[in-house]
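Down below is the structure, laid out as structure tokens.
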Amino acid sequence: MNYYILTLFPEMVMSGLNTSIIGRGIKNGHISIEAINIRDYATNKHGTVDDYPYGGGAGMVMQAEPIYLAYEALRQRIGSKKPRVIYLTPQGKTFSQGMAAEYAKEEELIFLCGHYEGVDQRILDMIVTDEVSIGDYVLTGGELPAMVMIDTISRLVSGVLNNDDSAVFESFHSNLLEYPQYTRPAEFMGRKVPDVLLSGDHAKVEQWRYEESLRITKERRPDLLELSAGERENAWIGTADKQRQQEM
Ligand code: ADE
């Protein structure tokens, strides 16, 4: 999986994604991430990439041309006729685990991060294939949403999680929230780890975890228990982790 991020803040996305599990995925060659600075494609001598909105109003709008030039140079370099271009916007389709599983099947994804008050609609009409929101709130730019999406998609790319990490998802009861986890010591400030986890009885542990998952899901996300088959495809833990279990 190769990610390309068109942004005005390349160091923000690169420093955020070069660490931890995603950083290891890059080092091991399972994924690659390249941030392209839209400002490098500014055509005026001041290097500006935004201007006042036609019709008036507050804020600045990112201009079409620098984005087009950045996109076109990238498209030619990667030799793709019509690559998938995701524009991050609160107006987009709300991101979900099901969408992440779909995106994880692609070989390359381009993210376009907007800033200021928006992006000239013409460039969106020309190059964007998908508009995605990460939730009903407004951020100052598309960089954090792109990072959220890349993190979520990457852990579904084969090889990115090693077996130790995967063990966290060994619950076979999809569409349930995770059960509580404990590690040493067995007692911390008077609080004990549930006895069953120390029993060594694997079947009992599994049963306890299932019941805890069910209890927590009923308490916090009863909606997850009432999903139709189609909705389940797009839901929380759902298909992606089921698919991962089949691979293991
Ligand atoms: N840009 C600003 N807010 C956003 C959001 N919630 N999702 C995606 N992109 C955004």
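Ordered as shown in the structure tokens, chains take letters A, B, and onward, while each chain numbers its residues from 1 and ligands are numbered from 1 in the order shown.
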> segment 39-232 of chain A: which residues are helix (DSSP H, G or I) by DSSP, as a ChimeraX atom specification?
Replying inline: /A:39-41,64-78,97-103,121-127,143-154,163-169,195-198,202-220,222-226,229-232
> Can you list, as a ChimeraX atom specification, every protein, DNA or RNA residue that comes within 7 Å of Arg39 of chain A when you count only C-alpha atoms, leaving out same-chain residues fewer than 5 positions away?
Replying inline: /A:8,47,49
>> Could you list the protein, DNA and RNA residues that have any atom within 8 Å of ligand 1, counting only C-alpha atoms and all ligand atoms, and write them as a list in words?
In response: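 Here is the list of contacting residues: Tyr87, Leu88, Thr89, Pro90, Gln91, Gly92, Thr94, Cys113, Gly114, His115, Val132, Ser133, Ile134, Gly135, Asp136, Tyr137, Val138, Leu139, Thr140, Gly141, Gly142, Glu143, Leu144, Pro145 and Ala146 of chain A.
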>> Env of Asn44 of chain A: 12 Å cut, atoms = only C-alpha atoms, seq-sep filter 5 positions within chain, self excluded. Answer as a list of chain:residue names.
In response: A:Arg39, A:Val49, A:Asp50, A:Asp51, A:Gln63, A:Glu65, A:Pro66
>> When you look at Asp130 of chain A with a cut-off of 12 Å (counting only C-alpha atoms), what residues show up, excluding the ones that are within fewer than 5 positions of it in the same chain? I need them as a PyMOL selection string.
In response: chain A and resi 83-89+91-95+99+103+109-112+124-125
>> Report as an MDAnalysis selection string all protein, DNA and RNA residues lying within 9 Å of Asp120 of chain A, evaluated on only C-alpha atoms, omitting residues in the same chain fewer than 5 positions from it.
In response: chainID A and resid 53 61:64
Could you take the residues named above and write them with N, CA, C and O atoms, as a PDB file, in the first residue's frame?
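Contents of the output file part.pdb:
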ATOM      1  N   PRO A  53     -12.300  34.528  -1.301  1.00  0.00           N
ATOM      2  CA  PRO A  53     -13.414  33.843  -1.978  1.00  0.00           C
ATOM      3  C   PRO A  53     -14.188  34.789  -2.895  1.00  0.00           C
ATOM      4  O   PRO A  53     -14.484  35.915  -2.496  1.00  0.00           O
ATOM      5  N   VAL A  61      -9.493  30.747   0.376  1.00  0.00           N
ATOM      6  CA  VAL A  61      -9.816  29.491  -0.308  1.00  0.00           C
ATOM      7  C   VAL A  61      -8.574  28.986  -1.028  1.00  0.00           C
ATOM      8  O   VAL A  61      -7.863  29.768  -1.671  1.00  0.00           O
ATOM      9  N   MET A  62      -8.268  27.722  -0.914  1.00  0.00           N
ATOM     10  CA  MET A  62      -7.112  27.156  -1.607  1.00  0.00           C
ATOM     11  C   MET A  62      -7.378  27.125  -3.115  1.00  0.00           C
ATOM     12  O   MET A  62      -8.449  26.712  -3.558  1.00  0.00           O
ATOM     13  N   GLN A  63      -6.399  27.569  -3.868  1.00  0.00           N
ATOM     14  CA  GLN A  63      -6.575  27.691  -5.310  1.00  0.00           C
ATOM     15  C   GLN A  63      -6.438  26.346  -6.021  1.00  0.00           C
ATOM     16  O   GLN A  63      -5.728  25.447  -5.562  1.00  0.00           O
ATOM     17  N   ALA A  64      -7.077  26.276  -7.181  1.00  0.00           N
ATOM     18  CA  ALA A  64      -7.097  25.010  -7.933  1.00  0.00           C
ATOM     19  C   ALA A  64      -5.733  24.666  -8.539  1.00  0.00           C
ATOM     20  O   ALA A  64      -5.316  23.503  -8.511  1.00  0.00           O
TER      21      ALA A  64
END
>> From a backbone DSSP assignment, name each residue in segment 14-219 of chain A labelled strand (DSSP E or B), as an MDAnalysis selection string.
In response: chainID A and resid 32:37 50:51 61:62 85:94 108:112 119 130:133 187:188 191:192
Could you dump the residues just selected with N, CA, C and O atoms as a tab-separated table (two decimals), in the first residue's frame?
chain	number	residue	atom	x	y	z
A	32	SER	N	4.05	2.48	2.35
A	32	SER	CA	4.93	3.65	2.19
A	32	SER	C	4.06	4.89	2.25
A	32	SER	O	2.88	4.85	1.88
A	33	ILE	N	4.62	5.95	2.79
A	33	ILE	CA	3.87	7.20	2.93
A	33	ILE	C	4.73	8.35	2.41
A	33	ILE	O	5.88	8.49	2.81
A	34	GLU	N	4.17	9.12	1.50
A	34	GLU	CA	4.90	10.27	0.97
A	34	GLU	C	4.00	11.49	1.06
A	34	GLU	O	2.86	11.45	0.62
A	35	ALA	N	4.53	12.53	1.69
A	35	ALA	CA	3.78	13.78	1.77
A	35	ALA	C	4.29	14.73	0.69
A	35	ALA	O	5.50	14.91	0.55
A	36	ILE	N	3.38	15.30	-0.07
A	36	ILE	CA	3.75	16.22	-1.15
A	36	ILE	C	3.27	17.61	-0.76
A	36	ILE	O	2.08	17.80	-0.46
A	37	ASN	N	4.21	18.54	-0.76
A	37	ASN	CA	3.89	19.91	-0.34
A	37	ASN	C	3.25	20.68	-1.50
A	37	ASN	O	3.91	20.97	-2.50
A	50	ASP	N	-3.44	30.35	-1.80
A	50	ASP	CA	-4.83	30.62	-1.46
A	50	ASP	C	-5.18	32.05	-1.86
A	50	ASP	O	-4.31	32.87	-2.12
A	51	ASP	N	-6.47	32.36	-1.90
A	51	ASP	CA	-6.92	33.70	-2.30
A	51	ASP	C	-8.30	33.95	-1.70
A	51	ASP	O	-8.91	33.04	-1.16
A	61	VAL	N	-9.49	30.75	0.38
A	61	VAL	CA	-9.82	29.49	-0.31
A	61	VAL	C	-8.57	28.99	-1.03
A	61	VAL	O	-7.86	29.77	-1.67
A	62	MET	N	-8.27	27.72	-0.91
A	62	MET	CA	-7.11	27.16	-1.61
A	62	MET	C	-7.38	27.13	-3.12
A	62	MET	O	-8.45	26.71	-3.56
A	85	VAL	N	-8.63	9.35	-5.15
A	85	VAL	CA	-8.24	10.56	-4.42
A	85	VAL	C	-9.30	10.85	-3.36
A	85	VAL	O	-10.47	11.08	-3.68
A	86	ILE	N	-8.89	10.83	-2.11
A	86	ILE	CA	-9.80	11.03	-0.99
A	86	ILE	C	-9.64	12.46	-0.49
A	86	ILE	O	-8.54	12.88	-0.10
A	87	TYR	N	-10.74	13.22	-0.51
A	87	TYR	CA	-10.73	14.57	0.03
A	87	TYR	C	-11.36	14.53	1.42
A	87	TYR	O	-12.46	14.02	1.58
A	88	LEU	N	-10.64	15.04	2.42
A	88	LEU	CA	-11.11	15.02	3.80
A	88	LEU	C	-11.97	16.24	4.05
A	88	LEU	O	-11.49	17.38	3.90
A	89	THR	N	-13.21	16.02	4.41
A	89	THR	CA	-14.14	17.13	4.61
A	89	THR	C	-15.29	16.70	5.51
A	89	THR	O	-15.74	15.56	5.42
A	90	PRO	N	-15.80	17.61	6.36
A	90	PRO	CA	-16.96	17.26	7.19
A	90	PRO	C	-18.20	16.93	6.34
A	90	PRO	O	-19.13	16.32	6.83
A	91	GLN	N	-18.18	17.33	5.06
A	91	GLN	CA	-19.32	17.03	4.17
A	91	GLN	C	-19.28	15.62	3.60
A	91	GLN	O	-20.17	15.20	2.89
A	92	GLY	N	-18.18	14.87	3.89
A	92	GLY	CA	-18.02	13.56	3.27
A	92	GLY	C	-18.79	12.46	3.96
A	92	GLY	O	-19.49	12.68	4.95
A	93	LYS	N	-18.65	11.25	3.42
A	93	LYS	CA	-19.26	10.06	4.03
A	93	LYS	C	-18.49	9.73	5.30
A	93	LYS	O	-17.26	9.76	5.31
A	94	THR	N	-19.20	9.41	6.37
A	94	THR	CA	-18.53	9.17	7.65
A	94	THR	C	-17.70	7.90	7.62
A	94	THR	O	-18.21	6.83	7.26
A	108	GLU	N	-2.79	1.96	-4.06
A	108	GLU	CA	-2.37	3.32	-3.72
A	108	GLU	C	-3.58	4.17	-3.40
A	108	GLU	O	-4.66	3.95	-3.94
A	109	LEU	N	-3.36	5.13	-2.49
A	109	LEU	CA	-4.42	6.07	-2.12
A	109	LEU	C	-3.80	7.46	-2.04
A	109	LEU	O	-2.72	7.62	-1.47
A	110	ILE	N	-4.49	8.42	-2.62
A	110	ILE	CA	-4.03	9.80	-2.53
A	110	ILE	C	-5.00	10.55	-1.60
A	110	ILE	O	-6.23	10.42	-1.76
A	111	PHE	N	-4.47	11.28	-0.64
A	111	PHE	CA	-5.29	12.09	0.26
A	111	PHE	C	-5.06	13.56	-0.07
A	111	PHE	O	-3.92	13.99	-0.20
A	112	LEU	N	-6.14	14.30	-0.18
A	112	LEU	CA	-6.04	15.75	-0.38
A	112	LEU	C	-6.51	16.43	0.90
A	112	LEU	O	-7.66	16.28	1.31
A	119	VAL	N	-11.58	24.66	-0.40
A	119	VAL	CA	-10.79	24.43	-1.60
A	119	VAL	C	-11.68	24.78	-2.79
A	119	VAL	O	-12.89	24.50	-2.76
A	130	ASP	N	-13.44	10.34	-3.81
A	130	ASP	CA	-14.15	10.02	-2.56
A	130	ASP	C	-14.07	11.22	-1.61
A	130	ASP	O	-12.98	11.77	-1.42
A	131	GLU	N	-15.18	11.58	-0.99
A	131	GLU	CA	-15.14	12.60	0.08
A	131	GLU	C	-15.44	11.91	1.39
A	131	GLU	O	-16.46	11.21	1.50
A	132	VAL	N	-14.55	12.07	2.36
A	132	VAL	CA	-14.69	11.34	3.62
A	132	VAL	C	-14.59	12.29	4.81
A	132	VAL	O	-13.73	13.18	4.84
A	133	SER	N	-15.47	12.07	5.80
A	133	SER	CA	-15.42	12.80	7.07
A	133	SER	C	-15.04	11.79	8.15
A	133	SER	O	-15.38	10.61	8.06
A	187	GLU	N	-2.40	-7.77	41.90
A	187	GLU	CA	-3.13	-6.84	42.75
A	187	GLU	C	-2.44	-5.48	42.68
A	187	GLU	O	-1.22	-5.39	42.83
A	188	PHE	N	-3.22	-4.43	42.42
A	188	PHE	CA	-2.68	-3.08	42.33
A	188	PHE	C	-3.52	-2.14	43.20
A	188	PHE	O	-4.71	-1.98	42.96
A	191	ARG	N	-6.73	-3.46	44.23
A	191	ARG	CA	-7.65	-3.91	43.17
A	191	ARG	C	-7.09	-5.18	42.54
A	191	ARG	O	-5.95	-5.17	42.02
A	192	LYS	N	-7.91	-6.24	42.55
A	192	LYS	CA	-7.45	-7.54	42.08
A	192	LYS	C	-7.87	-7.80	40.63
A	192	LYS	O	-8.94	-7.36	40.20
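You can rank A:Gly118, A:Pro185, A:Pro194, A:Gly79 by their closest distance to Tyr52 of chain A using only C-alpha atoms, and at the top of that list sits A:Gly118.
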Which polymer residues have any atom within 10 Å of an atom of Lys218 of chain A, counting only C-alpha atoms, with same-chain residues fewer than 6 positions away left out, as a PDB file with N, CA and C atoms, in the first residue's frame?
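Okay, part26.pdb is ready:
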ATOM      1  N   LEU A 176     -18.832  -6.876  18.735  1.00  0.00           N
ATOM      2  CA  LEU A 176     -18.867  -6.581  20.158  1.00  0.00           C
ATOM      3  C   LEU A 176     -17.667  -5.700  20.491  1.00  0.00           C
ATOM      4  N   LEU A 177     -17.839  -4.864  21.496  1.00  0.00           N
ATOM      5  CA  LEU A 177     -16.705  -4.069  21.971  1.00  0.00           C
ATOM      6  C   LEU A 177     -15.735  -4.987  22.709  1.00  0.00           C
ATOM      7  N   GLU A 212     -18.181 -10.466  29.110  1.00  0.00           N
ATOM      8  CA  GLU A 212     -17.792  -9.067  29.373  1.00  0.00           C
ATOM      9  C   GLU A 212     -18.007  -8.213  28.126  1.00  0.00           C
ATOM     10  N   LEU A 224     -25.109  -1.556  18.298  1.00  0.00           N
ATOM     11  CA  LEU A 224     -24.299  -2.527  17.564  1.00  0.00           C
ATOM     12  C   LEU A 224     -24.926  -3.915  17.559  1.00  0.00           C
ATOM     13  N   LEU A 225     -25.750  -4.191  18.556  1.00  0.00           N
ATOM     14  CA  LEU A 225     -26.367  -5.520  18.652  1.00  0.00           C
ATOM     15  C   LEU A 225     -27.592  -5.632  17.767  1.00  0.00           C
TER      16      LEU A 225
END
> Can you list, as a ChimeraX atom specification, every protein, DNA or RNA residue that comes within 9 Å of Trp208 of chain A when you count only C-alpha atoms, leaving out same-chain residues fewer than 5 positions away?
Replying inline: /A:179,196-197,203,213
Save the residues we just selected, N, CA, C and O atoms, as a CSV table (one decimal), in the first residue's frame?
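Ended up saving to selection33.csv:
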chain,number,residue,atom,x,y,z
A,179,TYR,N,-13.4,-6.7,25.5
A,179,TYR,CA,-13.4,-7.1,26.9
A,179,TYR,C,-12.2,-6.4,27.6
A,179,TYR,O,-11.3,-6.0,27.0
A,196,VAL,N,-10.8,-15.5,37.3
A,196,VAL,CA,-10.9,-16.4,36.2
A,196,VAL,C,-9.6,-16.3,35.3
A,196,VAL,O,-9.2,-17.3,34.7
A,197,LEU,N,-9.1,-15.1,35.2
A,197,LEU,CA,-8.0,-14.8,34.3
A,197,LEU,C,-6.7,-15.5,34.8
A,197,LEU,O,-5.7,-15.6,34.1
A,203,ALA,N,-11.0,-22.3,28.4
A,203,ALA,CA,-12.4,-22.2,28.0
A,203,ALA,C,-13.1,-21.2,28.9
A,203,ALA,O,-14.0,-20.4,28.4
A,213,SER,N,-17.6,-8.7,27.0
A,213,SER,CA,-17.8,-8.0,25.7
A,213,SER,C,-19.3,-7.7,25.5
A,213,SER,O,-19.7,-6.6,25.1
> In terms of the shortest atom-to-atom distance over only C-alpha atoms, which of A:Ile216, A:Leu161, A:Leu198, A:Ala70 is closest to Leu6 of chain A?
Replying inline: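 Counting only C-alpha atoms, the residue closest to Leu6 of chain A is A:Ala70.
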